[in-house]
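> Can you keep this structure in mind? I'll have questions shortly.
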Amino acid sequence: MTQQIGILTAGGDSPGLNAAIRGVGKAAIGHYQMHVVGFRDGFRGLMENRTMALDGGQLSGILTTGGTILGTSRDKPHKMPVGGKLMDMTNAIVGNYRDNHLDCLVCLGGGGTLKNALRLKEKGLNVLTLPKTIDNDVFGTDITFGFDTALGIATEAIDRLHSTAHSHHRIIVVEIMGHRAGWLALGAGIAGGADVVLIPEIPYDVNSVAEAIRERARGGKPFSIVAVAEGAISRQDLAALKPAKRKKQDDDTAADAAELLYAGRTLRLAQQLEKLTGLEARLTILGHLQRGGTPSAADRILATRLGTAAADLIAKKHYGVMVAAKGEDTRPLKLEDVAGKVKTVPPDHAWILSARRVGTNFGD
Ligand code: F6P
């Protein structure tokens with residue numbers, strides 16, 4: 001019997017989403033003669049049964065485009081804002097899955113999407129996920145699609161900031177996305193030759209950062225680039241966080257509280273460095289620039305590999321997994337084994353060791 005599959009994209013958008021939708025869709029329709037339907041705006045669209053036909057027409061011409069043709073949202077099935085209240089809409093989602101006669105729902109997303117997909121699996125739905133996010137923090141996969149593109153954008157930004165920092169003898173602090181992981185700041189910091197890289201995995205001491213900058217100035221380089229992951233935190237701030245707020249909770253309220261508490265901390269860091277070094281400091285926040293635009297060749301290839309592997313698994317009725325990238329291969333990993341886990345940068349990671357060898361300061 002012809003298999004019917006649904007696709008949705010959830011969480012923050014990421015370059016390569018359209019390439020992945022195309023990969024799943026073209027393999028499913030062209031190779032396996034399945035039917036494919038898209039749901040708009042993540043789990044909200046599935047709850048509201050807002051669909052988009054995905055056949056040959058919609059899947060053409062999207063390989064190179066940024067964003068997602070389906071739209072996305074951060075809504076969670078079990079906590080969805082409806083009429084001003086947070087409601088558990090899981091039953092409506094299960095109902096629409098059944099009404100659309102789906103054999104499988106493919107969810108393209110990051111860590112939050114994995115947890116939501118697992119909840120739906122526990123309600124008896126056949127689900128499958130693909131790991132996307134510019135943060136590269138999905139557990140179990142070598143890499144997520146979107147990361148390579150964002151890395152290129154952040155690296156180019158550091159390149160551009162270098163020449164102006166040099167000309168004005170300034171410190172330029174550049175804030176890079178990554179949520180609670182430092183992959184993007186670390187990668188762009190290494191590739192762009194940042195003098196200081198601050199990541200959440202290595203709490204920093206502002207005095208150590210200032211001393212590294214003063215040392216450069218004494219050596220005849222009165223300018224510095226400080227690449228800061230948005231989740232980076234100083235030792236002092238970490239100590240000030242109450243233990244209860246540091247405890248990881250399922251709904252991430254602890255992390256949200258920490259984020260609120262430290263909103264604006266990169267600006268504060270720039271001000272502190274200016275004071276401690278006597279050099280002028282400027283702040284650049286790259287923000288959503290890192291998520292926009294054309295996906296890199298590497299992301300297009302990765303998204304196509306993962307998308308087509310998803311169609312292969314569905315054809316074999318192999319559900320309930322995330323399709324992970326492993327070297328040149330892909331591997332299905334049970335949702336139970338990956339959901340709720342975060343892939344952060346190990347402090348002894350090879351990238352960090354190499355960066356230290358070339359004199360990068362981590363503020364520790
Ligand atoms: O997860 C991707 C990401 O871009 C993070 O790096 C960042 O913290 C977050 O999303 C921003 O989310 P939003 O687009 O909802 O502001």
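Identifiers in the structure tokens: chain A, B, ... in order shown; residue index from 1 per chain; ligand index from 1 in order shown.
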Just want the residues within 6 Å of ligand 1, written as a list in words, counting only C-alpha atoms and all ligand atoms.

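Every residue with an atom at most 6 Å from ligand 1 is listed here: Gly12, Thr133, Ile134, Asp135, Met177, Gly178 and His179 of chain A.
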
> Write out as a ChimeraX atom specification the set of residues from segment 79-184 of chain A that DSSP, computed on the backbone, places in alpha helix (DSSP H).

/A:90-99,111-122,147-168,183-184

> With C-alpha atoms retained, export the selected residues as a short mmCIF file (atom, residue, chain, number, x, y, z; two decimals), in the first residue's frame.


```
data_model
loop_
_atom_site.label_atom_id
_atom_site.label_comp_id
_atom_site.auth_asym_id
_atom_site.auth_seq_id
_atom_site.Cartn_x
_atom_site.Cartn_y
_atom_site.Cartn_z
CA THR A 90 -1.38 16.45 22.00
CA ASN A 91 -4.75 14.77 21.41
CA ALA A 92 -5.60 17.19 18.59
CA ILE A 93 -2.24 16.43 16.99
CA VAL A 94 -2.78 12.68 17.30
CA GLY A 95 -6.24 13.15 15.77
CA ASN A 96 -4.93 15.08 12.77
CA TYR A 97 -2.17 12.54 12.26
CA ARG A 98 -4.86 9.83 12.04
CA ASP A 99 -7.23 11.91 9.91
CA GLY A 111 16.79 19.40 20.70
CA GLY A 112 13.31 20.70 21.53
CA THR A 113 11.83 18.98 18.49
CA LEU A 114 13.43 15.71 19.52
CA LYS A 115 11.69 15.85 22.89
CA ASN A 116 8.36 16.70 21.26
CA ALA A 117 8.77 13.90 18.72
CA LEU A 118 9.48 11.44 21.52
CA ARG A 119 6.28 12.50 23.29
CA LEU A 120 4.33 11.79 20.10
CA LYS A 121 6.06 8.44 19.72
CA GLU A 122 4.92 7.60 23.25
CA PHE A 147 25.90 24.80 11.36
CA ASP A 148 28.31 25.01 8.43
CA THR A 149 26.48 27.96 6.87
CA ALA A 150 26.31 29.87 10.15
CA LEU A 151 29.97 29.11 10.76
CA GLY A 152 30.84 30.68 7.42
CA ILE A 153 28.78 33.78 8.18
CA ALA A 154 30.27 34.24 11.66
CA THR A 155 33.79 33.69 10.33
CA GLU A 156 33.33 36.27 7.61
CA ALA A 157 32.02 38.70 10.22
CA ILE A 158 35.15 38.22 12.33
CA ASP A 159 37.31 38.75 9.22
CA ARG A 160 35.56 42.06 8.59
CA LEU A 161 35.75 43.14 12.22
CA HIS A 162 39.50 42.43 12.26
CA SER A 163 40.40 45.21 9.86
CA THR A 164 38.37 47.86 11.66
CA ALA A 165 39.63 46.73 15.11
CA HIS A 166 43.19 46.97 13.76
CA SER A 167 42.70 50.42 12.24
CA HIS A 168 41.19 51.94 15.40
CA TRP A 183 30.45 25.22 18.81
CA LEU A 184 29.69 28.22 16.63
#
```

> As number ranges by chain, which residues of segment 73-308 of chain A does DSSP assign to strand (DSSP E)?

A: 80-82, 85-87, 104-109, 127-131, 171-176, 196-198, 224-229, 281-285

> Which polymer residues have any atom within 12 Å of an atom of Met52 of chain A, counting only C-alpha atoms, with same-chain residues fewer than 5 positions away left out, as an mmCIF file with C-alpha atoms, in the first residue's frame?


```cif
data_model
loop_
_atom_site.group_PDB
_atom_site.id
_atom_site.type_symbol
_atom_site.label_atom_id
_atom_site.label_comp_id
_atom_site.auth_asym_id
_atom_site.auth_seq_id
_atom_site.Cartn_x
_atom_site.Cartn_y
_atom_site.Cartn_z
ATOM 1 C CA GLY A 6 3.868 14.172 6.767
ATOM 2 C CA ILE A 7 6.732 16.658 7.153
ATOM 3 C CA LEU A 8 7.070 19.632 9.471
ATOM 4 C CA VAL A 36 3.882 13.501 1.032
ATOM 5 C CA VAL A 37 2.055 16.309 2.822
ATOM 6 C CA GLY A 38 3.610 19.275 4.603
ATOM 7 C CA PHE A 39 2.313 20.865 7.812
ATOM 8 C CA ARG A 40 2.817 24.595 8.214
ATOM 9 C CA ASP A 41 4.521 26.308 11.141
ATOM 10 C CA GLY A 45 0.165 23.668 11.921
ATOM 11 C CA LEU A 46 -0.285 19.978 12.631
ATOM 12 C CA GLY A 57 6.205 21.275 -8.055
ATOM 13 C CA GLN A 58 6.818 22.545 -4.517
ATOM 14 C CA LEU A 59 9.997 20.539 -4.165
ATOM 15 C CA ILE A 69 8.924 26.767 2.773
ATOM 16 C CA LEU A 70 6.720 25.200 5.465
ATOM 17 C CA GLY A 71 7.243 27.929 8.050
#
```

> Can you list, as a VMD selection string, every protein, DNA or RNA residue that comes within 10 Å of segment 213-221 of chain A when you count only C-alpha atoms, leaving out same-chain residues fewer than 3 positions away?

chain A and resid 166 169 to 171 195 to 196 207 to 210 224 to 226 273 276 to 279 361
